[in-house]
Amino acid sequence: MKDEADRILQLFRDNNVAYQLYEHPPVYTSEEAAKVRGVELKTGCKSMVLKKKSGGFVLANVAADRKIDFKVLEACLCTKLAFASKEEVLKATNCESGSVPPFGKLFGMQTFLDPSVLENEFVNFNIGLLTRSVKISRDDLVRLMEPTILKFAK
């Protein structure tokens with residue numbers, strides 16, 4: 001898991017991404033993360049690994065103050081979706097549930113981004129550890145993510 005955090009920071013360095021690193025006690029919810037970072041909840045990016053009924057996983061990213069509308073993503077992917085189990089998340093990403101960074105391509109996953117994440121100039125998210133997170137610009141986030149942008153939050 002530390003490997004994933006180091007890999008994300010190296011990705012930032014390789015791509016000239018300015019970032020602010022936060023080291024904090026473990027956080028398990030978006031609300032806890034916003035509090036320890038001293039930022040508004042809406043600036044967080046929630047990255048959730050979803051299991052496709054047809055097989056495999058996708059990564060769905062929404063602003064931390066929103067929820068996923070499964071029907072929209074299911075229609076787009078033409079398959080049923082469910083949250084991956086903690087064990088599946090760990091196996092697919094080498095990250096604990098709640099610490100998955102928003103870059104699905106690092107894990108061979110199609111990445112979806114809801115426009116709610118782009119409503120803020122800067123975005124905050126964990127980088128593979130429950131104790132480390134970063135703040136980067138939304139423009140750098142999109143550039144590194146290479147996501148499919150689709151409105152699927154409610």
# chains A, B, ... in the order shown; residues from 1 in each chain; ligands from 1

call {"tool": "residues_around", "arguments": {"residues": "Lys42 (chain A)", "least_positions_apart": "6", "cutoff": "12 Å", "atoms": "only C-alpha atoms", "output": "list of chain:residue names"}}
result
A:Ser30, A:Glu31, A:Ala33, A:Ala34, A:Lys35, A:Val62, A:Ala63, A:Ala64, A:Asp65, A:Arg66, A:Lys67, A:Pro115, A:Ser116, A:Val117, A:Leu118, A:Glu119, A:Asn120, A:Glu121, A:Phe122, A:Val123, A:Asn124, A:Phe125

call {"tool": "residues_around", "arguments": {"residues": "Thr93 (chain A)", "least_positions_apart": "4", "cutoff": "9 Å", "atoms": "only C-alpha atoms", "output": "list in words"}}
result
Met1, Glu4, Val49, Glu88, Val89, Val100, Gly104, Leu106, Phe107 and Gly128 of chain A

call {"tool": "write_last_selection", "arguments": {"atoms": "C-alpha atoms", "output": "PDB file, in the first residue's frame"}}
result
ATOM      1  CA  MET A   1       0.000   0.000   0.000  1.00  0.00           C
ATOM      2  CA  GLU A   4       0.860   2.732  -4.269  1.00  0.00           C
ATOM      3  CA  VAL A  49     -14.258   0.276  -7.153  1.00  0.00           C
ATOM      4  CA  GLU A  88     -11.850  -7.428  -3.969  1.00  0.00           C
ATOM      5  CA  VAL A  89     -10.732  -3.792  -3.660  1.00  0.00           C
ATOM      6  CA  VAL A 100      -8.037   4.054  -3.518  1.00  0.00           C
ATOM      7  CA  GLY A 104      -8.111   3.627 -12.568  1.00  0.00           C
ATOM      8  CA  LEU A 106      -2.958   2.382 -12.792  1.00  0.00           C
ATOM      9  CA  PHE A 107      -5.032  -0.705 -12.018  1.00  0.00           C
ATOM     10  CA  GLY A 128      -3.346   4.368  -1.454  1.00  0.00           C
TER      11      GLY A 128
END

call {"tool": "select_by_dssp", "arguments": {"residues": "chain A", "states": "alpha helix (DSSP H)", "output": "PyMOL selection string"}}
result
chain A and resi 2-14+30-37+70-77+86-93+138-145

call {"tool": "write_last_selection", "arguments": {"atoms": "N, CA and C atoms", "output": "short mmCIF file (atom, residue, chain, number, x, y, z; two decimals), in the first residue's frame"}}
result
data_model
loop_
_atom_site.label_atom_id
_atom_site.label_comp_id
_atom_site.auth_asym_id
_atom_site.auth_seq_id
_atom_site.Cartn_x
_atom_site.Cartn_y
_atom_site.Cartn_z
N LYS A 2 1.96 1.21 0.74
CA LYS A 2 2.90 2.33 0.69
C LYS A 2 3.45 2.44 -0.73
N ASP A 3 3.58 1.28 -1.39
CA ASP A 3 4.06 1.28 -2.78
C ASP A 3 3.13 2.11 -3.67
N GLU A 4 1.82 1.98 -3.45
CA GLU A 4 0.86 2.73 -4.27
C GLU A 4 0.99 4.23 -4.00
N ALA A 5 1.15 4.62 -2.75
CA ALA A 5 1.33 6.03 -2.41
C ALA A 5 2.58 6.58 -3.07
N ASP A 6 3.68 5.82 -3.00
CA ASP A 6 4.92 6.25 -3.64
C ASP A 6 4.76 6.33 -5.16
N ARG A 7 4.01 5.40 -5.71
CA ARG A 7 3.77 5.39 -7.16
C ARG A 7 2.98 6.63 -7.60
N ILE A 8 1.99 7.03 -6.80
CA ILE A 8 1.20 8.23 -7.11
C ILE A 8 2.08 9.47 -7.04
N LEU A 9 2.88 9.59 -5.99
CA LEU A 9 3.76 10.77 -5.86
C LEU A 9 4.77 10.82 -7.01
N GLN A 10 5.26 9.66 -7.44
CA GLN A 10 6.17 9.62 -8.58
C GLN A 10 5.45 10.04 -9.86
N LEU A 11 4.21 9.60 -10.01
CA LEU A 11 3.39 10.01 -11.16
C LEU A 11 3.27 11.54 -11.20
N PHE A 12 3.05 12.15 -10.03
CA PHE A 12 2.97 13.61 -9.96
C PHE A 12 4.29 14.25 -10.39
N ARG A 13 5.40 13.73 -9.86
CA ARG A 13 6.71 14.30 -10.21
C ARG A 13 7.00 14.15 -11.70
N ASP A 14 6.70 12.98 -12.25
CA ASP A 14 6.95 12.72 -13.67
C ASP A 14 6.13 13.63 -14.59
N SER A 30 -15.36 9.99 4.00
CA SER A 30 -15.07 11.28 3.36
C SER A 30 -15.18 12.42 4.37
N GLU A 31 -16.13 12.29 5.28
CA GLU A 31 -16.32 13.33 6.30
C GLU A 31 -15.09 13.42 7.21
N GLU A 32 -14.58 12.28 7.65
CA GLU A 32 -13.36 12.27 8.48
C GLU A 32 -12.18 12.86 7.72
N ALA A 33 -12.07 12.50 6.44
CA ALA A 33 -10.95 12.98 5.63
C ALA A 33 -11.00 14.49 5.48
N ALA A 34 -12.17 15.04 5.19
CA ALA A 34 -12.31 16.49 5.04
C ALA A 34 -11.93 17.20 6.34
N LYS A 35 -12.33 16.62 7.45
CA LYS A 35 -12.06 17.24 8.75
C LYS A 35 -10.56 17.28 9.04
N VAL A 36 -9.85 16.15 8.84
CA VAL A 36 -8.41 16.15 9.14
C VAL A 36 -7.62 17.00 8.15
N ARG A 37 -8.13 17.15 6.93
CA ARG A 37 -7.45 17.98 5.94
C ARG A 37 -7.78 19.47 6.12
N PHE A 70 -26.40 4.39 -9.63
CA PHE A 70 -25.99 3.17 -10.33
C PHE A 70 -26.69 3.00 -11.67
N LYS A 71 -27.95 3.40 -11.76
CA LYS A 71 -28.72 3.20 -13.01
C LYS A 71 -28.04 3.86 -14.21
N VAL A 72 -27.46 5.04 -14.00
CA VAL A 72 -26.80 5.75 -15.10
C VAL A 72 -25.57 4.98 -15.58
N LEU A 73 -24.71 4.57 -14.65
CA LEU A 73 -23.50 3.81 -15.03
C LEU A 73 -23.86 2.45 -15.61
N GLU A 74 -24.85 1.80 -15.04
CA GLU A 74 -25.26 0.50 -15.57
C GLU A 74 -25.76 0.62 -17.00
N ALA A 75 -26.50 1.68 -17.30
CA ALA A 75 -26.99 1.90 -18.67
C ALA A 75 -25.82 2.14 -19.62
N CYS A 76 -24.85 2.89 -19.17
CA CYS A 76 -23.68 3.19 -19.99
C CYS A 76 -22.85 1.93 -20.28
N LEU A 77 -22.70 1.09 -19.27
CA LEU A 77 -21.87 -0.11 -19.41
C LEU A 77 -22.65 -1.35 -19.83
N LYS A 86 -14.38 -5.41 0.30
CA LYS A 86 -13.07 -4.94 0.79
C LYS A 86 -11.95 -5.82 0.25
N GLU A 87 -12.19 -7.12 0.23
CA GLU A 87 -11.18 -8.06 -0.27
C GLU A 87 -10.93 -7.87 -1.76
N GLU A 88 -12.00 -7.65 -2.53
CA GLU A 88 -11.85 -7.43 -3.97
C GLU A 88 -11.12 -6.12 -4.26
N VAL A 89 -11.42 -5.07 -3.48
CA VAL A 89 -10.73 -3.79 -3.66
C VAL A 89 -9.24 -3.97 -3.42
N LEU A 90 -8.89 -4.63 -2.33
CA LEU A 90 -7.48 -4.85 -2.00
C LEU A 90 -6.77 -5.66 -3.08
N LYS A 91 -7.42 -6.71 -3.56
CA LYS A 91 -6.81 -7.56 -4.59
C LYS A 91 -6.65 -6.80 -5.91
N ALA A 92 -7.63 -5.99 -6.28
CA ALA A 92 -7.60 -5.29 -7.57
C ALA A 92 -6.69 -4.06 -7.58
N THR A 93 -6.48 -3.44 -6.39
CA THR A 93 -5.76 -2.16 -6.37
C THR A 93 -4.55 -2.13 -5.44
N ARG A 138 -7.81 20.52 -10.24
CA ARG A 138 -8.75 19.67 -11.00
C ARG A 138 -8.23 19.43 -12.41
N ASP A 139 -7.52 20.42 -12.99
CA ASP A 139 -6.99 20.25 -14.35
C ASP A 139 -5.94 19.13 -14.39
N ASP A 140 -5.05 19.10 -13.40
CA ASP A 140 -4.06 18.03 -13.34
C ASP A 140 -4.73 16.68 -13.09
N LEU A 141 -5.77 16.68 -12.27
CA LEU A 141 -6.50 15.44 -12.00
C LEU A 141 -7.03 14.85 -13.30
N VAL A 142 -7.72 15.66 -14.09
CA VAL A 142 -8.31 15.17 -15.34
C VAL A 142 -7.22 14.73 -16.31
N ARG A 143 -6.14 15.50 -16.38
CA ARG A 143 -5.04 15.17 -17.29
C ARG A 143 -4.45 13.80 -16.96
N LEU A 144 -4.26 13.53 -15.67
CA LEU A 144 -3.68 12.24 -15.27
C LEU A 144 -4.67 11.08 -15.31
N MET A 145 -5.94 11.38 -15.06
CA MET A 145 -6.96 10.33 -15.02
C MET A 145 -7.30 9.76 -16.39
#

call {"tool": "residues_around", "arguments": {"residues": "Pro26 (chain A)", "least_positions_apart": "2", "cutoff": "9 Å", "atoms": "only C-alpha atoms", "output": "PyMOL selection string"}}
result
chain A and resi 24+28+32-33+129-132

call {"tool": "write_last_selection", "arguments": {"atoms": "C-alpha atoms", "output": "PDB file, in the first residue's frame"}}
result
ATOM      1  CA  HIS A  24      -2.882  12.281   9.151  1.00  0.00           C
ATOM      2  CA  TYR A  28     -12.429   5.831   6.940  1.00  0.00           C
ATOM      3  CA  GLU A  32     -13.365  12.267   8.481  1.00  0.00           C
ATOM      4  CA  ALA A  33     -10.950  12.978   5.627  1.00  0.00           C
ATOM      5  CA  LEU A 129      -3.091   4.749   2.314  1.00  0.00           C
ATOM      6  CA  LEU A 130      -5.714   5.746   4.858  1.00  0.00           C
ATOM      7  CA  THR A 131      -3.062   8.029   6.417  1.00  0.00           C
ATOM      8  CA  ARG A 132      -1.876   9.961   3.337  1.00  0.00           C
TER       9      ARG A 132
END

call {"tool": "select_by_dssp", "arguments": {"residues": "chain A", "states": "strand (DSSP E)", "output": "ChimeraX atom specification"}}
result
/A:20-23,45-52,57-63,81-83,110-113,122-129,132-137,148-149

call {"tool": "write_last_selection", "arguments": {"atoms": "C-alpha atoms", "output": "compact mmCIF listing (two decimals), in the first residue's frame"}}
result
# COMPACT_ATOMS: atom_id res chain seq x y z
CA GLN A 20 0.09 19.31 -1.19
CA LEU A 21 0.68 16.14 0.83
CA TYR A 22 -1.31 15.50 3.99
CA GLU A 23 -0.16 12.97 6.60
CA CYS A 45 -12.94 12.93 -4.66
CA LYS A 46 -14.52 9.61 -3.63
CA SER A 47 -13.04 6.79 -5.71
CA MET A 48 -15.10 3.62 -5.62
CA VAL A 49 -14.26 0.28 -7.15
CA LEU A 50 -17.36 -1.22 -8.73
CA LYS A 51 -17.72 -4.84 -9.80
CA LYS A 52 -19.36 -5.50 -13.16
CA PHE A 57 -14.07 -3.72 -12.30
CA VAL A 58 -14.46 -0.01 -13.04
CA LEU A 59 -13.47 3.00 -10.95
CA ALA A 60 -16.18 5.60 -10.34
CA ASN A 61 -15.23 9.03 -8.97
CA VAL A 62 -17.71 11.50 -7.47
CA ALA A 63 -17.43 14.56 -5.25
CA LEU A 81 -22.85 -3.00 -10.98
CA ALA A 82 -22.19 -3.45 -7.26
CA PHE A 83 -19.63 -2.13 -4.82
CA GLN A 110 -11.92 2.07 -16.94
CA THR A 111 -12.29 5.33 -15.02
CA PHE A 112 -15.47 7.38 -14.77
CA LEU A 113 -15.55 10.94 -13.44
CA PHE A 122 -8.61 21.85 -6.25
CA VAL A 123 -9.40 18.23 -5.41
CA ASN A 124 -8.42 16.18 -2.34
CA PHE A 125 -8.09 12.38 -2.21
CA ASN A 126 -6.22 9.51 -0.55
CA ILE A 127 -3.24 8.03 -2.36
CA GLY A 128 -3.35 4.37 -1.45
CA LEU A 129 -3.09 4.75 2.31
CA ARG A 132 -1.88 9.96 3.34
CA SER A 133 -3.78 12.18 0.98
CA VAL A 134 -3.11 14.99 -1.46
CA LYS A 135 -4.55 18.15 -2.92
CA ILE A 136 -4.01 18.81 -6.64
CA SER A 137 -5.67 21.02 -9.24
CA THR A 148 -14.82 9.12 -19.21
CA ILE A 149 -16.72 12.16 -17.92

call {"tool": "atom_distance", "arguments": {"atom1": "CA of Asn94 (chain A)", "atom2": "CA of Lys53 (chain A)"}}
result
21.5 Å

call {"tool": "atom_distance", "arguments": {"atom1": "CA of Tyr19 (chain A)", "atom2": "CA of Phe152 (chain A)"}}
result
27.1 Å

call {"tool": "atom_distance", "arguments": {"atom1": "CA of Ser99 (chain A)", "atom2": "CA of Thr29 (chain A)"}}
result
9.7 Å

call {"tool": "decode", "arguments": {"residues": "region 69-113 of chain A", "atoms": "C-alpha atoms", "output": "short mmCIF file (atom, residue, chain, number, x, y, z; two decimals), in the first residue's frame"}}
result
data_model
loop_
_atom_site.label_atom_id
_atom_site.label_comp_id
_atom_site.auth_asym_id
_atom_site.auth_seq_id
_atom_site.Cartn_x
_atom_site.Cartn_y
_atom_site.Cartn_z
CA ASP A 69 -26.59 6.78 -9.31
CA PHE A 70 -25.99 3.17 -10.33
CA LYS A 71 -28.72 3.20 -13.01
CA VAL A 72 -26.80 5.75 -15.10
CA LEU A 73 -23.50 3.81 -15.03
CA GLU A 74 -25.26 0.50 -15.57
CA ALA A 75 -26.99 1.90 -18.67
CA CYS A 76 -23.68 3.19 -19.99
CA LEU A 77 -21.87 -0.11 -19.41
CA CYS A 78 -24.82 -2.37 -20.26
CA THR A 79 -24.25 -4.46 -17.12
CA LYS A 80 -25.28 -4.51 -13.48
CA LEU A 81 -22.85 -3.00 -10.98
CA ALA A 82 -22.19 -3.45 -7.26
CA PHE A 83 -19.63 -2.13 -4.82
CA ALA A 84 -16.58 -4.39 -4.75
CA SER A 85 -15.97 -6.08 -1.39
CA LYS A 86 -13.07 -4.94 0.79
CA GLU A 87 -11.18 -8.06 -0.27
CA GLU A 88 -11.85 -7.43 -3.97
CA VAL A 89 -10.73 -3.79 -3.66
CA LEU A 90 -7.48 -4.85 -2.00
CA LYS A 91 -6.81 -7.56 -4.59
CA ALA A 92 -7.60 -5.29 -7.57
CA THR A 93 -5.76 -2.16 -6.37
CA ASN A 94 -3.36 -3.13 -3.56
CA CYS A 95 -5.17 -0.43 -1.54
CA GLU A 96 -7.53 -0.62 1.39
CA SER A 97 -11.11 0.34 0.74
CA GLY A 98 -11.36 4.09 1.32
CA SER A 99 -7.78 4.81 0.21
CA VAL A 100 -8.04 4.05 -3.52
CA PRO A 101 -6.66 6.91 -5.64
CA PRO A 102 -8.78 8.12 -8.59
CA PHE A 103 -6.47 6.82 -11.31
CA GLY A 104 -8.11 3.63 -12.57
CA LYS A 105 -5.61 3.26 -15.41
CA LEU A 106 -2.96 2.38 -12.79
CA PHE A 107 -5.03 -0.70 -12.02
CA GLY A 108 -6.20 -1.49 -15.56
CA MET A 109 -9.71 -0.15 -14.86
CA GLN A 110 -11.92 2.07 -16.94
CA THR A 111 -12.29 5.33 -15.02
CA PHE A 112 -15.47 7.38 -14.77
CA LEU A 113 -15.55 10.94 -13.44
#
